[in-house]
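So the structure is just underneath, and the comments pick up after that.
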Amino acid sequence: MATVIPEPPQTQNKDHLKAYAGNGGGNWVPDQARPLALREHPFKPAQTGMWVALAAITMSFAALTSALIVRQGVGLGWGHIALPPVLFLNSFVLLVSSLTLEVARGRLISYVHGNELQKAVPMRWLAITLFLGVLFVVGQYAAWLQLKSRGLYLATNTNSSFFYLFTGVHAAHIFGGLLGLVYVMSKLHRSVLRRSTFSAAAQYWHFMDALWVYLLLLLWTRI
Amino acid sequence: MAETMAHAVAHHAPPQGFIRKYVFSIDHKVIGIQYTTLSLVAAFVGMALSWAMRIHLAWPDMRLPILGWLSPNGAPGGLMTPEYYLSLMTMHGTIMAFFVLTAAPFAGFGNFMLPIQVGAADMAFPRLNMASFWVTFTGFLLACATFFIPDGPPLSGWTAYAPLSAVGSVAGPGQGWGQNLWGLSIALFCVASLLGSLNFIVTVLDLRTKGLKMSRLPLSTWAWFIDAWVSLLAFAVLLPTCLLLVLDRLGGTSFFIPGGLVFNDQLQPHSGGSPLLFQHLFWFFGHPEVYIIILPAFGLVSHIMPTFIGKPLVGGWKVITFSEIAVGTLSFVVWGHHMFVSGMSPYMAMVFSVPTLFITIPSVIAVLVWVFSLYGANIRFDTPMLYSLGFISLFITGGIGGFFLAQPSTDSYLHATSFVVGHFHFTMGLSAIFATFAGFYYWFPKMFGRMMNEKLGKLHFWLSFIGVYCVFITMQLTGMSGAVRRYSALVDDFMVPLIPAYRFMTIAALLLGAAQFIFLYNVIWSRFKGPKAPDNPWGATTLEWDTTSPPPFDNFGGRQLVVHHGPMEYDGDESLMQTSPEPSIAGT
């Protein structure tokens with residue numbers, strides 16, 4: 001075991017807590033004996049890192065968007081395909097999953113502050129979020145099946161290429177988010193969840209949600 | 001005591017066992033050395049490829065048995081085919097641009113030095129750091145693997161222009177699996193660079209020790225920080241570009257392949273794609289890429305010079321840093337200048353030409369800062385300083401060529417000639433290599449705890465410096481005479497008279513390469529037999545010199561550092577460590 005999960009120091013001196021910066025803050029476990037500051041210090045590398053990662057992801061999708069616009073400008077073989085209706089249902093599911101994740105956060109905070117006694121309650125809301133995320137991916141798969149039944153494959157025409165490209169790359173990112181949720185749940189299960197871990201996972205999940213709304217509008221208007 | 005314990009548990013415990021310690025290590029210092037070693041190996045591979053090409057250009061009939069062994073199809077009897085020449089060129093460019101120039105000054109030294117320079121015990125995400133090295137390593141193995149498949153490496157150049165790179169094996173040897181492996185290798189390199197950049201950025205933002213404001217960061221850290229941003233945003237574009245290319249190759253899509261395209265008498269089953277789209281996407285990455293390569297070089301030289309001139313750089317940290325930020329920002333709006341002759345509206349060419357000329361302004365400011373800082377200084381000509389001066393010289397020489405290429409009218413003539421090849425070897429290739437050497441000689445004592453041999457170092461410098469000018473000035477001159485780049489033989493009437501110049505270049509390149517073995521010998525000898533290095537052999541002021549050589553596992557032996565000054569507190573022979581609580585000597 002090379003990595004030691006940091007145990008909070010048994011001290012009231014806040015200066016020492018800064019040494020925790022490297023690992024993203026104290027554990028998010030309820031323990032009234034420990035100072036609250038342990039969970040509230042300002043350095044959060046996991047969250048900073050997530051913002052940086054999201055900047056890179058934004059750049060990637062901007063590049064793909066510009067490819068779409070340029071390719072449409074060339075014009076040859078550019079048609080229009082009607083979006084599979086199930087996409088709208090999927091969008092609803094994904095938006096709701098962001099809400100349930102926030103409910104989970106609220107329950108976690110109550111749990112950490114001792115107002116909520118059972119770990120199972122935030123855990124349940126995380127599970128609901130995870131389920132909705134999986135449902136979204138299944139729904140996207142259904143959308144691909146609907147296109148397939150219309151005879152539209154990846155290489156059929158440029159529009160279908162871009163449709164599969166955008167939905168596929170986004171689904172791959174959602175898959176990463178699902179792994180993140182599982183990671184958060186396992187950490188919570190073992191009572192070693194850090195506040196910044198949860199926040200970073202939530203940042204990512206909400207971002208994927210917003211990104212999907214953007215992609216849906218892009219596909220709706222351009223494909 | 002509590003402080004020490006808290007510090008220790010906040011990070012990982014020292015690993016036990018050989019594999020954890022030296023192979024799959026999460027220690028940023030080991031990872032830094034791994035990156036540096038990988039780059040060193042890659043540099044020798046890339047250099048060997050350039051020798052094969054140069055020998056073929058100068059003496060087209062000379063047989064190289066090793067090539068015949070490596071590729072019976074590409075070089076039957078050791079005599080390379082024109083296609084195989086292109087394959088070697090592609091791999092020379094790929095290996096040098098990605099695995100040497102991007103990796104060594106940024107990931108190599110950055111990994112080792114950046115956490116120490118900010119007073120941290122490790123990177124923000126040590127395991128992510130380990131992952132980025134091993135992904136890079138896998139990418140390098142895949143790139144090398146292309147030599148050992150029947151068709152050999154791809155021949156579409158390091159830029160892999162579509163549709164040549166997109167249609168598959170019909171386009172020539174190496175365009176089948178060779179190009180697939182190439183694409184995978186570059187995609188892995190993108191992923192590794194994204195992870196690495198993320199780590200650098202977060203480490204600088206969140207892990208700085210007490211008192212280390214951004215304005216007190218060493219200039220090398222500043223450059224890595226800016227570079228990490230450029231790298232993050234540029235590789236985030238190359239990755240989807242690789243994806244589109246792979247989809248065109250394997251998925252049957254038509255992102256980059258136009259309709260009605262005939263390759264080797266076969267009509268390609270594609271329609272409506274845009275080859276120019278590939279060039280736009282590639283160069284949107286590709287131009288920032290050359291600044292990704294050169295920005296760490298700026299940082300290394302700016303970091304090293306003050307120690308050897310005994311005073312801060314002119315303008316303090318601000319002028320050089322803001323120049324770097326300006327270069328990094330402008331690098332994202334100049335990509336079109338690579339495409340002046342690809343088919344571009346003259347108005348668009350104008351739009352790209354103007355920022356291209358503007359980007360020279362911060363570059364020139366940086367150069368002027370270095371040159372003016374020398375004025376009146378009592379310069380110590382140790383090897384790191386010689387290499388820093390060499391860098392400045394090469395960068396100026398290369399930059400002057402850039403003025404001609406930034407203008408569409410002159411670029412139309414020069415674009416397809418070896419003038420461009422000479423230009424970019426000066427500006428980003430050899431400049432970055434010289435800065436890397438400066439860094440290597442400067443930090444070797446810290447990294448390995450032993451001093452390098454100064455005499456061999458100086459010999460290595462002078463041979464390299466003269467050798468580089470012999471090769472690449474001649475290359476630019478032949479380019480002005482019309483020597484076409486990427487040709488494997490001098491067949492045209494106007495190129496035949498250039499053969500003596502080509503032979504001169506080849507001999508110079510071989511000698512230049514031979515000089516690198518002096519360096520290799522020096523490294524290996526010094527690593528084991530060199531005199532023990534003191535903690536601060538150069539009289540420097542930054543945090544990496546405030547610990548033992550080499551540093552302990554947690555970098556400072558549990559000390560919590562407090563920084564009181566900027567990094568350039570020099571006054572002649574006096575220097576003031578950043579952690580020293582005494583008042584500043586330079587008034588900054």
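Residue numbering restarts at 1 in every chain; chains get A, B, ... in the order shown in the structure tokens, and ligands count up from 1 in that same order.
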
Test item: residues at most 7 Å from Gly259 of chain B, only C-alpha atoms, excluding those fewer than 5 positions along its chain, as a compact mmCIF listing (two decimals) with N, CA and C atoms, in the first residue's frame:
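Now in selection-v7.txt:
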# COMPACT_ATOMS: atom_id res chain seq x y z
N HIS B 270 -15.36 7.62 -50.69
CA HIS B 270 -15.66 8.68 -49.74
C HIS B 270 -16.26 9.85 -50.49
N SER B 271 -16.89 10.77 -49.75
CA SER B 271 -17.42 11.94 -50.43
C SER B 271 -17.45 13.15 -49.51
N GLY B 272 -17.06 14.27 -50.06
CA GLY B 272 -17.35 15.55 -49.41
C GLY B 272 -16.46 15.97 -48.26
N GLY B 273 -15.46 15.19 -47.90
CA GLY B 273 -14.60 15.58 -46.78
C GLY B 273 -13.68 16.72 -47.16

10 Å contact set for Pro408 of chain B, only C-alpha atoms, chain neighbours under 3 positions out, as number ranges by chain:
B: 337-341, 346, 349-350, 352-353, 404-405, 411-415

Selected residues written out with N, CA and C atoms, as a compact mmCIF listing (two decimals), in the first residue's frame:
# COMPACT_ATOMS: atom_id res chain seq x y z
N HIS B 337 -0.66 30.46 -40.71
CA HIS B 337 0.54 30.78 -41.47
C HIS B 337 1.25 29.52 -41.97
N HIS B 338 0.82 28.36 -41.47
CA HIS B 338 1.37 27.12 -42.03
C HIS B 338 0.66 26.75 -43.32
N MET B 339 -0.41 27.47 -43.64
CA MET B 339 -1.28 27.04 -44.74
C MET B 339 -1.37 28.09 -45.85
N PHE B 340 -0.41 29.04 -45.87
CA PHE B 340 -0.45 30.09 -46.89
C PHE B 340 -0.51 29.47 -48.29
N VAL B 341 0.19 28.36 -48.48
CA VAL B 341 0.22 27.77 -49.83
C VAL B 341 -0.71 26.57 -49.95
N PRO B 346 -6.55 35.17 -49.85
CA PRO B 346 -5.49 36.14 -49.52
C PRO B 346 -5.86 37.00 -48.31
N ALA B 349 -5.03 34.99 -45.36
CA ALA B 349 -3.57 34.96 -45.22
C ALA B 349 -3.11 36.23 -44.51
N MET B 350 -3.73 37.35 -44.85
CA MET B 350 -3.42 38.62 -44.20
C MET B 350 -3.74 38.54 -42.70
N PHE B 352 -3.82 36.02 -40.80
CA PHE B 352 -2.88 35.21 -40.04
C PHE B 352 -1.47 35.78 -40.05
N SER B 353 -1.17 36.57 -41.09
CA SER B 353 0.17 37.13 -41.19
C SER B 353 0.42 38.17 -40.10
N PHE B 404 10.94 36.16 -42.86
CA PHE B 404 10.67 35.90 -44.28
C PHE B 404 9.48 34.97 -44.44
N LEU B 405 9.34 34.02 -43.50
CA LEU B 405 8.29 33.02 -43.65
C LEU B 405 6.94 33.54 -43.17
N ASP B 411 6.89 33.61 -48.35
CA ASP B 411 6.67 32.22 -47.95
C ASP B 411 6.29 31.35 -49.15
N SER B 412 5.58 31.93 -50.12
CA SER B 412 5.18 31.14 -51.29
C SER B 412 6.40 30.54 -51.96
N TYR B 413 7.51 31.31 -52.00
CA TYR B 413 8.72 30.80 -52.61
C TYR B 413 9.44 29.82 -51.69
N LEU B 414 9.51 30.17 -50.41
CA LEU B 414 10.37 29.40 -49.51
C LEU B 414 9.69 28.19 -48.89
N HIS B 415 8.36 28.15 -48.95
CA HIS B 415 7.63 27.19 -48.13
C HIS B 415 8.06 25.73 -48.36

Distance in Å - atom CA of Ile365 of chain B versus atom CA of Pro312 of chain B:
15.9 Å

Might you pull out every residue within 12 Å of Leu188 of chain A, with only C-alpha atoms counted and same-chain residues fewer than 3 positions away left off, and present them as a PyMOL selection string?
chain A and resi 27-30+104-105+108+111-112+118-124+126-127+181-185+191-195+197-198

I need the chosen residues saved as an mmCIF file, in the first residue's frame, with C-alpha atoms.
data_model
loop_
_atom_site.group_PDB
_atom_site.id
_atom_site.type_symbol
_atom_site.label_atom_id
_atom_site.label_comp_id
_atom_site.auth_asym_id
_atom_site.auth_seq_id
_atom_site.Cartn_x
_atom_site.Cartn_y
_atom_site.Cartn_z
ATOM 1 C CA ASN A 27 -12.258 13.159 5.453
ATOM 2 C CA TRP A 28 -15.928 13.743 5.109
ATOM 3 C CA VAL A 29 -16.910 11.622 7.999
ATOM 4 C CA PRO A 30 -18.939 12.713 10.975
ATOM 5 C CA ALA A 104 -27.259 13.671 -2.238
ATOM 6 C CA ARG A 105 -24.882 16.523 -1.424
ATOM 7 C CA LEU A 108 -24.197 14.238 2.963
ATOM 8 C CA TYR A 111 -24.823 13.503 7.740
ATOM 9 C CA VAL A 112 -21.427 15.124 8.284
ATOM 10 C CA GLN A 118 -27.734 7.133 8.601
ATOM 11 C CA LYS A 119 -25.110 6.895 5.927
ATOM 12 C CA ALA A 120 -27.615 4.969 3.845
ATOM 13 C CA VAL A 121 -29.624 8.108 3.074
ATOM 14 C CA PRO A 122 -26.989 10.008 1.067
ATOM 15 C CA MET A 123 -25.885 6.660 -0.320
ATOM 16 C CA ARG A 124 -29.375 6.051 -1.651
ATOM 17 C CA LEU A 126 -26.068 8.685 -4.991
ATOM 18 C CA ALA A 127 -27.409 5.336 -6.161
ATOM 19 C CA LEU A 181 -19.914 8.222 -8.882
ATOM 20 C CA VAL A 182 -19.044 4.616 -8.093
ATOM 21 C CA TYR A 183 -15.725 5.837 -6.679
ATOM 22 C CA VAL A 184 -17.504 8.398 -4.487
ATOM 23 C CA MET A 185 -19.941 5.736 -3.258
ATOM 24 C CA SER A 191 -16.103 6.405 5.449
ATOM 25 C CA VAL A 192 -13.052 7.920 3.766
ATOM 26 C CA LEU A 193 -14.849 10.274 1.391
ATOM 27 C CA ARG A 194 -13.191 13.648 1.108
ATOM 28 C CA ARG A 195 -15.233 16.732 0.566
ATOM 29 C CA THR A 197 -13.619 14.310 -4.040
ATOM 30 C CA PHE A 198 -17.369 14.674 -3.917
#

Atomic separation - atom CA of Gly558 of chain B relative to atom CA of Phe200 of chain B, Å:
22.0 Å

Can you measure atom CA of Gly211 of chain B to atom CA of Glu582 of chain B for me? One decimal in Å is fine.
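So the two atoms, atom CA of Gly211 of chain B and atom CA of Glu582 of chain B, lie 14.1 Å apart.
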
Leaving out His170 of chain A and any residue of its chain fewer than 2 positions from it, which residues lie within 9 Å of it when counting only C-alpha atoms, given as a PyMOL selection string?
chain A and resi 165-168+172-175+208+211-212+215

Residues just named, written with C-alpha atoms as a compact mmCIF listing (two decimals), in the first residue's frame:
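Output file out01.txt follows:
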# COMPACT_ATOMS: atom_id res chain seq x y z
CA LEU A 165 -19.34 11.18 -33.14
CA PHE A 166 -20.85 13.72 -30.76
CA THR A 167 -23.17 11.33 -28.93
CA GLY A 168 -20.44 8.69 -28.74
CA ALA A 172 -17.74 8.04 -23.19
CA HIS A 173 -17.39 11.06 -20.93
CA ILE A 174 -20.62 10.14 -19.12
CA PHE A 175 -19.16 6.69 -18.59
CA MET A 208 -21.57 16.79 -18.60
CA LEU A 211 -22.53 19.91 -22.25
CA TRP A 212 -25.27 17.55 -23.31
CA LEU A 215 -24.80 19.22 -27.90

Which of segment 290-357 of chain B counts as helix (DSSP H, G or I) under DSSP, as an MDAnalysis selection string please?
chainID B and resid 290:309 316:333 335:339 346:357

Keeping C-alpha atoms, export the residues of the selection given above as an mmCIF file, in the first residue's frame.
data_model
loop_
_atom_site.group_PDB
_atom_site.id
_atom_site.type_symbol
_atom_site.label_atom_id
_atom_site.label_comp_id
_atom_site.auth_asym_id
_atom_site.auth_seq_id
_atom_site.Cartn_x
_atom_site.Cartn_y
_atom_site.Cartn_z
ATOM 1 C CA VAL B 290 6.196 24.828 -31.266
ATOM 2 C CA TYR B 291 5.660 27.245 -28.389
ATOM 3 C CA ILE B 292 4.979 24.321 -26.064
ATOM 4 C CA ILE B 293 8.482 23.283 -27.038
ATOM 5 C CA ILE B 294 10.127 26.682 -26.746
ATOM 6 C CA LEU B 295 8.441 28.152 -23.629
ATOM 7 C CA PRO B 296 10.167 25.794 -21.188
ATOM 8 C CA ALA B 297 13.412 26.700 -22.954
ATOM 9 C CA PHE B 298 12.665 30.380 -22.235
ATOM 10 C CA GLY B 299 12.077 29.421 -18.616
ATOM 11 C CA LEU B 300 15.219 27.328 -18.251
ATOM 12 C CA VAL B 301 17.462 30.012 -19.684
ATOM 13 C CA SER B 302 15.804 32.791 -17.658
ATOM 14 C CA HIS B 303 16.173 30.676 -14.552
ATOM 15 C CA ILE B 304 19.789 29.729 -15.148
ATOM 16 C CA MET B 305 21.229 33.018 -16.410
ATOM 17 C CA PRO B 306 20.881 35.203 -13.271
ATOM 18 C CA THR B 307 23.000 32.738 -11.281
ATOM 19 C CA PHE B 308 25.886 33.051 -13.714
ATOM 20 C CA ILE B 309 25.675 36.792 -14.319
ATOM 21 C CA GLY B 316 12.646 41.515 -13.103
ATOM 22 C CA TRP B 317 10.237 38.603 -13.334
ATOM 23 C CA LYS B 318 7.505 40.654 -14.969
ATOM 24 C CA VAL B 319 8.873 41.453 -18.404
ATOM 25 C CA ILE B 320 9.953 37.937 -19.231
ATOM 26 C CA THR B 321 6.835 36.347 -17.757
ATOM 27 C CA PHE B 322 4.419 38.654 -19.501
ATOM 28 C CA SER B 323 6.309 38.060 -22.744
ATOM 29 C CA GLU B 324 5.776 34.336 -22.242
ATOM 30 C CA ILE B 325 2.094 34.837 -21.531
ATOM 31 C CA ALA B 326 1.792 36.946 -24.677
ATOM 32 C CA VAL B 327 3.616 34.329 -26.743
ATOM 33 C CA GLY B 328 1.410 31.573 -25.319
ATOM 34 C CA THR B 329 -1.790 33.488 -26.035
ATOM 35 C CA LEU B 330 -0.836 34.643 -29.522
ATOM 36 C CA SER B 331 0.286 31.137 -30.437
ATOM 37 C CA PHE B 332 -3.380 30.156 -30.690
ATOM 38 C CA VAL B 333 -4.212 32.656 -33.430
ATOM 39 C CA TRP B 335 -1.900 28.612 -37.110
ATOM 40 C CA GLY B 336 -2.994 29.693 -40.572
ATOM 41 C CA HIS B 337 0.539 30.775 -41.475
ATOM 42 C CA HIS B 338 1.367 27.118 -42.029
ATOM 43 C CA MET B 339 -1.278 27.041 -44.742
ATOM 44 C CA PRO B 346 -5.493 36.141 -49.523
ATOM 45 C CA TYR B 347 -7.568 38.010 -46.945
ATOM 46 C CA MET B 348 -7.298 35.123 -44.528
ATOM 47 C CA ALA B 349 -3.574 34.962 -45.225
ATOM 48 C CA MET B 350 -3.418 38.625 -44.199
ATOM 49 C CA VAL B 351 -5.385 37.868 -41.031
ATOM 50 C CA PHE B 352 -2.877 35.206 -40.042
ATOM 51 C CA SER B 353 0.169 37.130 -41.188
ATOM 52 C CA VAL B 354 -0.426 40.066 -38.850
ATOM 53 C CA PRO B 355 -0.513 38.136 -35.526
ATOM 54 C CA THR B 356 2.421 36.080 -36.821
ATOM 55 C CA LEU B 357 4.452 39.257 -37.090
#
